[in-house]
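One file, my_file.tsv, carrying TSV, C-alpha atoms and all ligand atoms:
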chain	number	residue	atom	x	y	z
S	1	MET	CA	105.81	140.18	117.15
S	2	ILE	CA	106.37	138.85	113.63
S	3	THR	CA	103.61	136.61	112.28
S	4	LEU	CA	105.10	133.77	110.31
S	5	ARG	CA	103.28	133.39	107.05
S	6	LEU	CA	103.26	129.86	105.70
S	7	ALA	CA	102.98	129.01	102.03
S	8	ASN	CA	99.37	128.39	101.00
S	9	ARG	CA	100.13	124.81	100.05
S	10	MET	CA	100.82	123.91	103.68
S	11	SER	CA	97.11	123.96	104.41
S	12	ARG	CA	96.71	121.10	101.93
S	13	LEU	CA	99.33	118.77	103.42
S	14	GLY	CA	97.77	116.06	105.55
S	15	THR	CA	99.20	113.93	108.32
S	16	GLU	CA	99.15	110.26	109.27
S	17	GLY	CA	96.73	109.33	112.01
S	18	ALA	CA	98.72	106.26	113.10
S	19	PHE	CA	101.50	108.48	114.41
S	20	VAL	CA	99.02	110.73	116.24
S	21	ILE	CA	97.38	107.75	117.98
S	22	LEU	CA	100.77	106.25	118.79
S	23	ALA	CA	101.76	109.49	120.53
S	24	LYS	CA	98.46	109.49	122.49
S	25	ALA	CA	98.97	105.85	123.49
S	26	ARG	CA	102.53	106.52	124.65
S	27	GLU	CA	101.25	109.43	126.73
S	28	LEU	CA	98.77	107.09	128.47
S	29	GLU	CA	101.57	104.58	129.05
S	30	ARG	CA	103.70	107.29	130.64
S	31	LYS	CA	100.85	107.80	133.09
S	32	GLY	CA	101.05	104.12	134.00
S	33	ARG	CA	98.22	102.76	131.85
S	34	SER	CA	98.50	99.46	130.01
S	35	VAL	CA	98.02	99.95	126.28
S	36	LEU	CA	97.92	97.24	123.58
S	37	HIS	CA	99.20	98.50	120.26
S	38	PHE	CA	97.32	97.79	117.04
S	39	GLU	CA	97.76	101.23	115.50
S	40	ILE	CA	101.09	101.25	113.74
S	41	GLY	CA	101.83	99.33	110.54
S	42	GLN	CA	105.27	98.16	111.39
S	43	PRO	CA	106.58	94.55	111.38
S	44	ASP	CA	107.57	93.43	114.86
S	45	PHE	CA	110.37	91.12	113.68
S	46	PRO	CA	114.03	92.12	113.70
S	47	THR	CA	115.51	92.67	110.24
S	48	PRO	CA	116.93	89.25	109.23
S	49	GLN	CA	120.47	88.76	110.46
S	50	ASN	CA	122.14	88.25	107.07
S	51	ILE	CA	120.79	91.65	105.98
S	52	ARG	CA	122.12	93.32	109.12
S	53	GLU	CA	125.50	91.62	108.57
S	54	ALA	CA	125.63	92.89	104.99
S	55	ALA	CA	125.10	96.46	106.24
S	56	LYS	CA	127.89	96.06	108.80
S	57	LYS	CA	130.21	94.69	106.13
S	58	ALA	CA	129.44	97.64	103.85
S	59	LEU	CA	130.20	100.03	106.71
S	60	ASP	CA	133.49	98.27	107.44
S	61	GLU	CA	134.41	98.42	103.78
S	62	GLY	CA	133.92	102.19	103.85
S	63	LYS	CA	130.79	102.34	101.72
S	64	THR	CA	129.70	105.47	103.52
S	65	GLY	CA	129.70	108.19	100.89
S	66	TYR	CA	127.06	109.61	98.56
S	67	THR	CA	125.79	107.23	95.92
S	68	PRO	CA	124.18	108.09	92.57
S	69	SER	CA	120.80	109.73	93.22
S	70	ALA	CA	118.96	106.79	91.62
S	71	GLY	CA	120.82	104.34	93.86
S	72	ILE	CA	123.82	102.07	93.33
S	73	HIS	CA	123.85	100.25	90.02
S	74	GLU	CA	124.14	96.75	91.55
S	75	LEU	CA	120.92	97.25	93.54
S	76	ARG	CA	119.04	98.72	90.57
S	77	GLU	CA	120.15	95.68	88.61
S	78	VAL	CA	118.95	93.24	91.28
S	79	VAL	CA	115.58	95.02	91.59
S	80	ALA	CA	115.20	95.12	87.77
S	81	GLU	CA	115.87	91.40	87.62
S	82	TYR	CA	113.45	90.66	90.46
S	83	ILE	CA	110.65	92.78	88.93
S	84	SER	CA	111.23	91.32	85.46
S	85	GLU	CA	110.96	87.77	86.74
S	86	SER	CA	108.05	88.29	89.12
S	87	ARG	CA	105.95	90.26	86.57
S	88	ASP	CA	107.10	88.57	83.41
S	89	VAL	CA	108.06	91.90	81.82
S	90	ASP	CA	111.39	93.24	80.70
S	91	VAL	CA	112.66	95.88	83.15
S	92	HIS	CA	116.05	97.54	82.64
S	93	PRO	CA	118.10	98.96	85.58
S	94	ASP	CA	117.68	102.45	83.99
S	95	GLU	CA	113.98	102.12	84.74
S	96	VAL	CA	114.56	101.52	88.46
S	97	VAL	CA	115.12	104.22	91.08
S	98	ILE	CA	116.04	103.26	94.63
S	99	THR	CA	114.21	105.69	96.90
S	100	VAL	CA	114.34	106.82	100.53
S	101	GLY	CA	111.45	104.52	101.50
S	102	ALA	CA	108.47	103.80	99.28
S	103	LYS	CA	107.06	107.09	100.54
S	104	MET	CA	109.69	109.09	98.67
S	105	GLY	CA	108.68	107.20	95.54
S	106	ILE	CA	105.01	108.06	96.06
S	107	PHE	CA	105.81	111.71	96.71
S	108	ALA	CA	108.16	112.05	93.74
S	109	ALA	CA	105.85	110.21	91.33
S	110	ILE	CA	102.88	112.44	92.17
S	111	LEU	CA	105.03	115.58	92.09
S	112	ALA	CA	106.45	114.60	88.71
S	113	LEU	CA	103.12	113.78	87.09
S	114	VAL	CA	100.25	115.85	88.47
S	115	ASN	CA	99.66	119.47	87.45
S	116	SER	CA	97.62	121.88	89.50
S	117	GLY	CA	93.91	121.29	88.83
S	118	GLU	CA	94.41	117.81	87.37
S	119	GLU	CA	92.49	114.95	88.89
S	120	VAL	CA	93.87	111.94	90.69
S	121	ILE	CA	91.57	108.95	91.20
S	122	ILE	CA	92.14	107.09	94.46
S	123	PRO	CA	90.21	103.92	95.35
S	124	SER	CA	89.47	104.53	99.00
S	125	PRO	CA	89.82	103.91	101.98
S	126	ALA	CA	93.47	104.40	101.13
S	127	TYR	CA	96.91	105.02	102.57
S	128	PRO	CA	96.71	108.68	103.69
S	129	ALA	CA	99.86	109.90	101.93
S	130	TYR	CA	98.22	109.54	98.50
S	131	GLU	CA	95.52	112.14	99.06
S	132	SER	CA	97.78	114.35	101.13
S	133	VAL	CA	100.49	114.57	98.47
S	134	ALA	CA	98.07	114.77	95.54
S	135	ARG	CA	96.37	117.76	97.16
S	136	PHE	CA	99.69	119.28	98.23
S	137	VAL	CA	100.85	119.50	94.61
S	138	GLY	CA	97.55	121.13	93.63
S	139	GLY	CA	95.81	118.01	92.32
S	140	VAL	CA	92.12	117.33	92.85
S	141	VAL	CA	91.32	113.99	94.44
S	142	LYS	CA	88.40	111.88	93.29
S	143	THR	CA	87.79	108.80	95.39
S	144	VAL	CA	86.16	105.56	94.35
S	145	LYS	CA	84.69	103.61	97.24
S	146	LEU	CA	86.22	100.17	97.75
S	147	ARG	CA	83.39	97.84	98.63
S	148	GLU	CA	83.53	95.00	101.11
S	149	GLU	CA	81.24	92.84	98.99
S	150	ARG	CA	83.87	92.98	96.22
S	151	ASN	CA	86.66	92.07	98.65
S	152	PHE	CA	87.74	95.72	98.34
S	153	SER	CA	88.83	95.33	94.70
S	154	PRO	CA	87.47	98.13	92.46
S	155	SER	CA	85.79	97.33	89.15
S	156	GLY	CA	86.78	98.95	85.87
S	157	GLU	CA	83.31	100.41	85.69
S	158	GLU	CA	83.63	102.11	89.08
S	159	ILE	CA	86.96	103.60	88.03
S	160	ALA	CA	85.58	104.67	84.64
S	161	SER	CA	82.71	106.53	86.30
S	162	ALA	CA	85.22	108.73	88.17
S	163	VAL	CA	87.25	109.64	85.08
S	164	SER	CA	86.82	113.10	83.56
S	165	ASP	CA	88.72	115.18	81.01
S	166	LYS	CA	90.92	116.39	83.82
S	167	THR	CA	91.95	112.96	85.11
S	168	ARG	CA	95.68	112.37	84.94
S	169	VAL	CA	96.56	109.56	87.34
S	170	ILE	CA	94.91	106.56	88.98
S	171	LEU	CA	96.63	105.64	92.22
S	172	ILE	CA	96.07	102.04	93.21
S	173	ASN	CA	97.35	99.94	96.09
S	174	THR	CA	97.33	96.16	96.00
S	175	PRO	CA	97.53	94.39	98.41
S	176	CYS	CA	95.79	97.21	100.17
S	177	ASN	CA	96.41	99.13	103.37
S	178	PRO	CA	93.98	99.40	105.21
S	179	THR	CA	91.56	96.81	103.80
S	180	GLY	CA	93.83	93.75	103.57
S	181	GLY	CA	92.24	93.07	100.18
S	182	MET	CA	93.86	92.33	96.83
S	183	TYR	CA	92.80	93.51	93.38
S	184	THR	CA	91.76	90.68	91.10
S	185	ARG	CA	93.46	90.16	87.75
S	186	GLU	CA	90.14	90.75	86.03
S	187	ASP	CA	89.61	94.11	87.76
S	188	LEU	CA	93.17	95.19	86.91
S	189	GLU	CA	92.59	94.31	83.26
S	190	ASP	CA	89.34	96.28	83.22
S	191	ILE	CA	91.03	99.25	84.91
S	192	TYR	CA	93.78	99.24	82.28
S	193	GLU	CA	91.19	99.15	79.54
S	194	VAL	CA	89.98	102.51	80.91
S	195	VAL	CA	93.56	103.73	81.36
S	196	ARG	CA	94.41	103.03	77.70
S	197	ARG	CA	91.16	104.48	76.40
S	198	LYS	CA	91.52	107.71	78.40
S	199	ASP	CA	95.30	107.97	78.06
S	200	LEU	CA	96.00	107.91	81.82
S	201	ILE	CA	98.89	106.89	84.06
S	202	VAL	CA	98.73	104.40	86.91
S	203	ILE	CA	100.78	104.67	90.07
S	204	SER	CA	100.60	101.21	91.61
S	205	ASP	CA	101.81	100.82	95.18
S	206	GLU	CA	102.57	97.13	95.69
S	207	ILE	CA	104.67	97.37	98.85
S	208	TYR	CA	102.76	94.47	100.50
S	209	GLU	CA	103.26	92.15	97.53
S	210	HIS	CA	104.85	89.34	99.57
S	211	ILE	CA	102.62	89.46	102.62
S	212	ILE	CA	99.92	87.31	101.06
S	213	PHE	CA	98.03	84.40	102.58
S	214	ASP	CA	96.54	81.03	101.73
S	215	GLY	CA	98.85	80.46	98.76
S	216	ARG	CA	97.34	83.32	96.74
S	217	LYS	CA	99.27	84.93	93.88
S	218	HIS	CA	100.00	88.64	93.77
S	219	GLU	CA	98.52	90.25	90.67
S	220	SER	CA	100.72	93.17	89.68
S	221	ALA	CA	99.65	96.12	87.57
S	222	LEU	CA	102.88	95.68	85.64
S	223	SER	CA	101.86	92.21	84.48
S	224	ILE	CA	98.88	93.54	82.56
S	225	SER	CA	99.56	93.52	78.86
S	226	GLY	CA	100.79	96.91	77.60
S	227	ALA	CA	100.85	98.38	81.12
S	228	LYS	CA	104.56	99.08	81.33
S	229	GLU	CA	104.66	102.39	79.47
S	230	ARG	CA	101.76	103.75	81.55
S	231	THR	CA	102.71	102.47	85.00
S	232	ILE	CA	104.81	103.74	87.86
S	233	LEU	CA	105.35	100.81	90.20
S	234	ILE	CA	106.12	101.53	93.84
S	235	GLY	CA	107.62	98.90	96.14
S	236	GLY	CA	110.17	98.52	98.85
S	237	PHE	CA	111.90	96.79	101.67
S	238	SER	CA	110.07	98.15	104.74
S	239	LYS	CA	107.32	95.58	105.11
S	240	SER	CA	108.42	92.27	103.53
S	241	TRP	CA	111.93	92.32	104.99
S	242	SER	CA	111.03	94.17	108.18
S	243	MET	CA	113.22	97.16	107.31
S	244	THR	CA	111.03	100.18	108.08
S	245	GLY	CA	113.85	102.18	109.64
S	246	TRP	CA	116.26	101.55	106.78
S	247	ARG	CA	114.25	103.86	104.52
S	248	LEU	CA	114.55	101.97	101.26
S	249	GLY	CA	112.04	101.60	98.49
S	250	TRP	CA	111.96	101.41	94.71
S	251	VAL	CA	110.19	102.94	91.79
S	252	VAL	CA	109.97	101.23	88.42
S	253	ALA	CA	108.94	103.60	85.64
S	254	PRO	CA	109.60	104.39	81.99
S	255	LYS	CA	113.19	105.69	81.76
S	256	GLU	CA	112.35	109.37	81.20
S	257	ILE	CA	110.03	109.40	84.24
S	258	ALA	CA	112.53	107.40	86.33
S	259	GLU	CA	115.14	110.09	85.59
S	260	LYS	CA	112.80	112.84	86.78
S	261	ILE	CA	111.99	110.92	89.95
S	262	ALA	CA	115.71	110.45	90.63
S	263	ASN	CA	116.18	114.18	90.10
S	264	ILE	CA	113.48	114.99	92.65
S	265	GLN	CA	115.21	112.69	95.11
S	266	LEU	CA	118.55	114.35	94.27
S	267	ASN	CA	117.04	117.72	95.24
S	268	VAL	CA	115.49	116.41	98.45
S	269	ALA	CA	117.88	113.82	99.87
S	270	SER	CA	120.77	113.46	97.36
S	271	CYS	CA	120.52	109.67	97.50
S	272	PRO	CA	119.31	106.77	99.66
S	273	VAL	CA	121.55	105.68	102.54
S	274	SER	CA	124.70	104.13	101.08
S	275	PHE	CA	125.38	101.10	103.28
S	276	ALA	CA	121.66	100.27	103.53
S	277	GLN	CA	121.61	99.81	99.76
S	278	TYR	CA	124.28	97.10	99.99
S	279	ALA	CA	122.21	95.33	102.62
S	280	ALA	CA	119.19	95.55	100.33
S	281	ILE	CA	121.03	93.51	97.69
S	282	GLU	CA	121.38	90.76	100.31
S	283	ALA	CA	117.68	91.15	101.16
S	284	ILE	CA	116.52	90.44	97.62
S	285	LYS	CA	119.15	87.82	96.81
S	286	ASN	CA	119.32	85.69	99.94
S	287	SER	CA	116.46	86.30	102.34
S	288	TRP	CA	113.37	84.64	100.90
S	289	ASP	CA	113.26	82.00	103.63
S	290	SER	CA	113.07	84.73	106.27
S	291	VAL	CA	110.28	86.49	104.35
S	292	ARG	CA	108.32	83.23	104.08
S	293	GLU	CA	108.78	82.57	107.81
S	294	MET	CA	107.42	86.02	108.73
S	295	VAL	CA	104.46	85.61	106.37
S	296	ARG	CA	103.67	82.21	107.90
S	297	GLU	CA	103.54	83.85	111.32
S	298	TYR	CA	101.36	86.73	110.01
S	299	GLN	CA	98.95	84.18	108.57
S	300	GLU	CA	98.58	82.44	111.94
S	301	ARG	CA	97.93	85.79	113.58
S	302	ARG	CA	95.47	86.67	110.82
S	303	ASP	CA	93.51	83.52	111.65
S	304	ILE	CA	93.44	84.38	115.37
S	305	ILE	CA	92.32	87.98	114.85
S	306	HIS	CA	89.75	86.98	112.23
S	307	GLU	CA	88.11	84.43	114.47
S	308	GLY	CA	88.38	86.67	117.55
S	309	ILE	CA	86.93	89.78	115.91
S	310	ASN	CA	83.99	87.86	114.49
S	311	SER	CA	83.18	86.64	118.00
S	312	ILE	CA	82.64	90.22	119.23
S	313	PRO	CA	78.99	91.32	119.09
S	314	GLY	CA	78.51	94.03	116.45
S	315	PHE	CA	81.91	93.36	114.81
S	316	ARG	CA	82.11	91.62	111.45
S	317	MET	CA	85.16	91.06	109.36
S	318	ILE	CA	86.07	89.35	106.11
S	319	LYS	CA	89.33	87.41	106.17
S	320	PRO	CA	92.23	89.64	105.10
S	321	GLN	CA	93.81	88.12	101.99
S	322	ALA	CA	97.10	89.92	102.51
S	323	THR	CA	99.02	92.60	104.51
S	324	PHE	CA	99.01	92.65	108.32
S	325	TYR	CA	95.82	94.67	108.70
S	326	ALA	CA	92.41	93.62	109.95
S	327	PHE	CA	89.60	95.93	108.86
S	328	PRO	CA	86.52	95.05	110.93
S	329	ASN	CA	83.14	96.45	110.02
S	330	VAL	CA	81.55	97.97	113.14
S	331	MET	CA	78.54	99.68	111.55
S	332	LYS	CA	76.15	97.60	113.61
S	333	LEU	CA	77.28	99.39	116.79
S	334	GLY	CA	75.85	102.64	115.41
S	335	ILE	CA	78.70	104.82	116.68
S	336	ASP	CA	81.15	106.73	114.52
S	337	SER	CA	84.50	105.05	114.06
S	338	LYS	CA	86.60	107.88	115.45
S	339	MET	CA	84.56	108.00	118.63
S	340	LEU	CA	84.75	104.23	119.03
S	341	ALA	CA	88.54	104.25	118.50
S	342	ASP	CA	88.92	107.05	121.08
S	343	ILE	CA	86.82	105.22	123.65
S	344	LEU	CA	88.66	101.94	123.12
S	345	LEU	CA	91.99	103.66	123.70
S	346	GLU	CA	90.92	105.69	126.70
S	347	GLU	CA	88.72	103.16	128.47
S	348	VAL	CA	90.26	99.77	127.75
S	349	GLY	CA	93.74	100.63	126.51
S	350	VAL	CA	93.41	99.27	122.97
S	351	ALA	CA	95.10	101.55	120.42
S	352	LEU	CA	93.71	101.13	116.91
S	353	LEU	CA	92.70	103.41	114.08
S	354	PRO	CA	89.29	104.57	112.88
S	355	GLY	CA	88.68	103.72	109.23
S	356	THR	CA	88.15	107.43	108.58
S	357	PHE	CA	91.90	108.01	108.96
S	358	PHE	CA	92.00	106.45	105.49
S	359	GLY	CA	89.33	108.67	104.01
S	360	ARG	CA	85.64	109.19	104.64
S	361	GLU	CA	84.92	105.88	102.85
S	362	GLY	CA	86.44	104.22	105.92
S	363	GLU	CA	83.53	105.26	108.14
S	364	GLY	CA	82.06	102.22	109.88
S	365	TYR	CA	85.39	100.39	110.03
S	366	LEU	CA	88.42	100.12	112.32
S	367	ARG	CA	91.95	99.22	111.28
S	368	MET	CA	93.97	96.92	113.49
S	369	SER	CA	97.55	96.03	112.64
S	370	PHE	CA	98.32	92.44	113.59
S	371	ALA	CA	102.06	92.96	113.33
S	372	THR	CA	102.14	92.12	117.01
S	373	SER	CA	102.29	88.97	119.13
S	374	LYS	CA	99.50	86.39	119.34
S	375	GLU	CA	99.24	87.08	123.10
S	376	VAL	CA	98.63	90.78	122.49
S	377	ILE	CA	96.05	89.96	119.80
S	378	LYS	CA	94.15	87.61	122.13
S	379	GLU	CA	94.25	90.04	125.04
S	380	GLY	CA	93.16	92.94	122.79
S	381	ILE	CA	90.17	90.98	121.53
S	382	GLU	CA	89.20	90.06	125.09
S	383	ARG	CA	89.34	93.71	126.16
S	384	ILE	CA	87.21	94.83	123.22
S	385	ARG	CA	84.72	91.98	123.71
S	386	SER	CA	84.15	92.72	127.42
S	387	PHE	CA	83.78	96.42	126.68
S	388	VAL	CA	81.26	95.91	123.88
S	389	LYS	CA	79.22	93.42	125.91
S	390	GLU	CA	79.01	95.86	128.78
S	391	ARG	CA	78.29	99.02	126.77
S	392	PHE	CA	76.33	97.89	123.75
S	393	LEU	CA	73.69	95.77	125.41
S	394	ASP	CA	71.38	95.60	122.42
S	395	VAL	CA	73.73	94.31	119.65
S	401	LIG	N1	102.69	102.40	100.93
S	401	LIG	C1	101.82	101.82	101.78
S	401	LIG	C2	100.53	101.29	101.25
S	401	LIG	C3	102.11	101.73	103.14
S	401	LIG	O1	101.23	101.15	103.98
S	401	LIG	C4	103.33	102.27	103.62
S	401	LIG	C5	103.65	102.26	105.05
S	401	LIG	O2	102.83	102.09	105.92
S	401	LIG	C6	104.20	102.87	102.70
S	401	LIG	C7	103.84	102.92	101.37
S	401	LIG	C8	105.47	103.50	103.15
S	401	LIG	O3	106.55	102.65	103.04
S	401	LIG	P1	108.02	103.11	103.44
S	401	LIG	O4	108.17	102.89	104.90
S	401	LIG	O5	108.93	102.21	102.63
S	401	LIG	O6	108.18	104.53	103.06
Is it possible to express this structure as structure tokens?
Ligand code: PLP
Amino acid sequence: MITLRLANRMSRLGTEGAFVILAKARELERKGRSVLHFEIGQPDFPTPQNIREAAKKALDEGKTGYTPSAGIHELREVVAEYISESRDVDVHPDEVVITVGAKMGIFAAILALVNSGEEVIIPSPAYPAYESVARFVGGVVKTVKLREERNFSPSGEEIASAVSDKTRVILINTPCNPTGGMYTREDLEDIYEVVRRKDLIVISDEIYEHIIFDGRKHESALSISGAKERTILIGGFSKSWSMTGWRLGWVVAPKEIAEKIANIQLNVASCPVSFAQYAAIEAIKNSWDSVREMVREYQERRDIIHEGINSIPGFRMIKPQATFYAFPNVMKLGIDSKMLADILLEEVGVALLPGTFFGREGEGYLRMSFATSKEVIKEGIERIRSFVKERFLDV
């Protein structure tokens, strides 16, 4: 028998725990068990109707062929305009690449910028693709622990202490999956002070920029003075417009980097889906009311899950400022997060993720997506509460 020999790099490519738990949960459901889903970070709303109509119209008009690898010009223009206005910087369509989901942007940006042996700083717990891809391309990951007492926003000092002569990129994510926290303007300014001093590049994933609560304002890396020539901004349509399956994101980067990112995409996928790009123009131009309506609903759910979680003995949680993730601290239970997540799925049918799926800094936490109905949230909390009261008598 022939033994297939994989390339060495394959041992460095990670996976995404949410999909593993989802598969496990589905398996239990097939066996007739009732499972409540808090594991997957996917909006539960349909894509707004006007966006769907725009896609149908594009299909009917025959917009079904390849597009330029960086995306259609009209969409790059609309994204450039939106980013310019929202960040108060001047972004040209040549500096925008429309990507096959934000994930393609993350992958291409890291691939384009990080040499083997160079260091990538990742404030952590963090979205798993960052470390996976950074390691895949031969980079060395240095994490900086995001601390609850700082609302999970890293200080410039903490970032500076992780920088070495080999550091190339700092990969930040605000608002943050999994913590639900947002970086403060002050912290961003301090981080950029380090970035300028050490001649580094920032990849800033801001895909949750609209899912923000209590009237807060999103602070973008790109709004920091002088940041533009050192920043690769990642964003996209999946979360804010409930378009996860459309696979559309954007990268905003200095023109010469944008061209390289488009060339990576050209080699991998040729271009983003043609008719979806026309629908995305409608999303940015005419769908803000729908976005606001979804965010209002997320905020109500956030309030329910926040109050509910804090009523469970041994669970403690600060109010998420943004995203649709709750990140309860369960250290008081004295059990490791993975084991707790496994037990909750198997014994009470609540599917959620251990914080360690987002790096070892996530130990002691669970991540629960509240992109699900209020009824499911209330029932899930009840199941967890009864279980904890029964099993953890001394908390
Ligand atoms: N960035 C973050 C922080 C995310 O949480 C996700 C999805 O969960 C993505 C990027 C991926 O977005 P997309 O579906 O547009 O590829």
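Reported to one decimal place, the separation of CA of Ala102 in chain S from atom O3 of ligand LIG 401 (chain S) is 4.4 Å.
Between CA of Ala322 in chain S and CA of Ile381 in chain S the separation is 20.3 Å.
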As lines of an AutoDock Vina configuration file, please report the centre and edge lengths, rounded to one decimal in Å, of the axis-aligned box that holds all listed atoms of range 177-186 of chain S with 6 Å of padding on each of the six sides.
center_x = 93.3
center_y = 94.8
center_z = 95.6
size_x = 18.3
size_y = 21.2
size_z = 31.2
Kindly provide, as an mmCIF file with C-alpha atoms, in the coordinates of the input, all nucleotide and amino acid residues lying within 9 Å of ligand LIG 401 (chain S), counting only C-alpha atoms and all ligand atoms.
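So out.cif came out as:
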data_model
loop_
_atom_site.group_PDB
_atom_site.id
_atom_site.type_symbol
_atom_site.label_atom_id
_atom_site.label_comp_id
_atom_site.auth_asym_id
_atom_site.auth_seq_id
_atom_site.Cartn_x
_atom_site.Cartn_y
_atom_site.Cartn_z
ATOM 1 C CA ILE S 40 101.090 101.250 113.740
ATOM 2 C CA GLY S 41 101.830 99.330 110.540
ATOM 3 C CA GLN S 42 105.270 98.160 111.390
ATOM 4 C CA THR S 99 114.210 105.690 96.900
ATOM 5 C CA VAL S 100 114.340 106.820 100.530
ATOM 6 C CA GLY S 101 111.450 104.520 101.500
ATOM 7 C CA ALA S 102 108.470 103.800 99.280
ATOM 8 C CA LYS S 103 107.060 107.090 100.540
ATOM 9 C CA MET S 104 109.690 109.090 98.670
ATOM 10 C CA GLY S 105 108.680 107.200 95.540
ATOM 11 C CA ILE S 106 105.010 108.060 96.060
ATOM 12 C CA ALA S 126 93.470 104.400 101.130
ATOM 13 C CA TYR S 127 96.910 105.020 102.570
ATOM 14 C CA PRO S 128 96.710 108.680 103.690
ATOM 15 C CA ALA S 129 99.860 109.900 101.930
ATOM 16 C CA TYR S 130 98.220 109.540 98.500
ATOM 17 C CA ASN S 173 97.350 99.940 96.090
ATOM 18 C CA THR S 174 97.330 96.160 96.000
ATOM 19 C CA PRO S 175 97.530 94.390 98.410
ATOM 20 C CA CYS S 176 95.790 97.210 100.170
ATOM 21 C CA ASN S 177 96.410 99.130 103.370
ATOM 22 C CA PRO S 178 93.980 99.400 105.210
ATOM 23 C CA ASP S 205 101.810 100.820 95.180
ATOM 24 C CA GLU S 206 102.570 97.130 95.690
ATOM 25 C CA ILE S 207 104.670 97.370 98.850
ATOM 26 C CA TYR S 208 102.760 94.470 100.500
ATOM 27 C CA ILE S 234 106.120 101.530 93.840
ATOM 28 C CA GLY S 235 107.620 98.900 96.140
ATOM 29 C CA GLY S 236 110.170 98.520 98.850
ATOM 30 C CA PHE S 237 111.900 96.790 101.670
ATOM 31 C CA SER S 238 110.070 98.150 104.740
ATOM 32 C CA LYS S 239 107.320 95.580 105.110
ATOM 33 C CA MET S 243 113.220 97.160 107.310
ATOM 34 C CA THR S 244 111.030 100.180 108.080
ATOM 35 C CA GLY S 245 113.850 102.180 109.640
ATOM 36 C CA TRP S 246 116.260 101.550 106.780
ATOM 37 C CA ARG S 247 114.250 103.860 104.520
ATOM 38 C CA LEU S 248 114.550 101.970 101.260
ATOM 39 C CA GLY S 249 112.040 101.600 98.490
ATOM 40 C CA TRP S 250 111.960 101.410 94.710
ATOM 41 C CA THR S 323 99.020 92.600 104.510
#
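Nearest residue to Gly71 in chain S among S:Asp190, S:Glu27, S:Asp88, S:Asp94 is S:Asp94, counting all atoms listed in the file.
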S:Glu39, S:Val295, S:Ile110, S:Ser161 ranked by distance to Val20 in chain S, top pick (using all atoms listed in the file): S:Glu39
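The interatomic distance for the pair CA of Pro43 in chain S and CA of Ser290 in chain S works out to 12.8 Å.
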Identify the residues around (117.4, 110.2, 81.9) within a radius of 12 Å, measuring from only C-alpha atoms in the coordinates stated by the file, and give them as a ChimeraX atom specification. /S:69-70,93-97,253-263
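Of the residues listed (S:Met331, S:Ile305, S:Ala160, S:Leu4), S:Ile305 shows the shortest atom-to-atom separation from Phe38 in chain S; distances use only C-alpha atoms.
All residues of protein, DNA or RNA that reach within 9 Å of range 274-278 of chain S, judged by only C-alpha atoms and not counting those fewer than 2 positions away in the chain, are Ile51, Arg52, Ala54, Ala55, Lys56, Lys57, Ala58, Leu59, Gly62, Lys63, Thr64, Gly65, Tyr66, Thr67, Gly71, Ile72, Glu74, Leu75, Ile98, Trp246, Arg247, Leu248, Cys271, Pro272, Ala280, Ile281, Glu282 and Ala283 of chain S.
Residues within 10 Å of Glu158 in chain S, counting all atoms listed in the file and excluding same-chain residues fewer than 4 positions away, are Pro123, Val144, Lys145, Leu146, Pro154, Ala162, Val163 and Ile191 of chain S.
With only C-alpha atoms taken into account, every residue lying no more than 10 Å from the file point (91.8, 107.2, 83.7) is included here: S:Glu119, S:Val120, S:Ile121, S:Gly156, S:Ile159, S:Ala160, S:Ser161, S:Ala162, S:Val163, S:Ser164, S:Asp165, S:Lys166, S:Thr167, S:Arg168, S:Val169, S:Ile170, S:Leu171, S:Ile191, S:Tyr192, S:Glu193, S:Val194, S:Val195, S:Arg196, S:Arg197, S:Lys198, S:Asp199, S:Leu200, S:Ile201, S:Val202.
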Residues from last step as file, C-alpha atoms, as an mmCIF file, in the frame of the given file:
data_model
loop_
_atom_site.group_PDB
_atom_site.id
_atom_site.type_symbol
_atom_site.label_atom_id
_atom_site.label_comp_id
_atom_site.auth_asym_id
_atom_site.auth_seq_id
_atom_site.Cartn_x
_atom_site.Cartn_y
_atom_site.Cartn_z
ATOM 1 C CA GLU S 119 92.490 114.950 88.890
ATOM 2 C CA VAL S 120 93.870 111.940 90.690
ATOM 3 C CA ILE S 121 91.570 108.950 91.200
ATOM 4 C CA GLY S 156 86.780 98.950 85.870
ATOM 5 C CA ILE S 159 86.960 103.600 88.030
ATOM 6 C CA ALA S 160 85.580 104.670 84.640
ATOM 7 C CA SER S 161 82.710 106.530 86.300
ATOM 8 C CA ALA S 162 85.220 108.730 88.170
ATOM 9 C CA VAL S 163 87.250 109.640 85.080
ATOM 10 C CA SER S 164 86.820 113.100 83.560
ATOM 11 C CA ASP S 165 88.720 115.180 81.010
ATOM 12 C CA LYS S 166 90.920 116.390 83.820
ATOM 13 C CA THR S 167 91.950 112.960 85.110
ATOM 14 C CA ARG S 168 95.680 112.370 84.940
ATOM 15 C CA VAL S 169 96.560 109.560 87.340
ATOM 16 C CA ILE S 170 94.910 106.560 88.980
ATOM 17 C CA LEU S 171 96.630 105.640 92.220
ATOM 18 C CA ILE S 191 91.030 99.250 84.910
ATOM 19 C CA TYR S 192 93.780 99.240 82.280
ATOM 20 C CA GLU S 193 91.190 99.150 79.540
ATOM 21 C CA VAL S 194 89.980 102.510 80.910
ATOM 22 C CA VAL S 195 93.560 103.730 81.360
ATOM 23 C CA ARG S 196 94.410 103.030 77.700
ATOM 24 C CA ARG S 197 91.160 104.480 76.400
ATOM 25 C CA LYS S 198 91.520 107.710 78.400
ATOM 26 C CA ASP S 199 95.300 107.970 78.060
ATOM 27 C CA LEU S 200 96.000 107.910 81.820
ATOM 28 C CA ILE S 201 98.890 106.890 84.060
ATOM 29 C CA VAL S 202 98.730 104.400 86.910
#
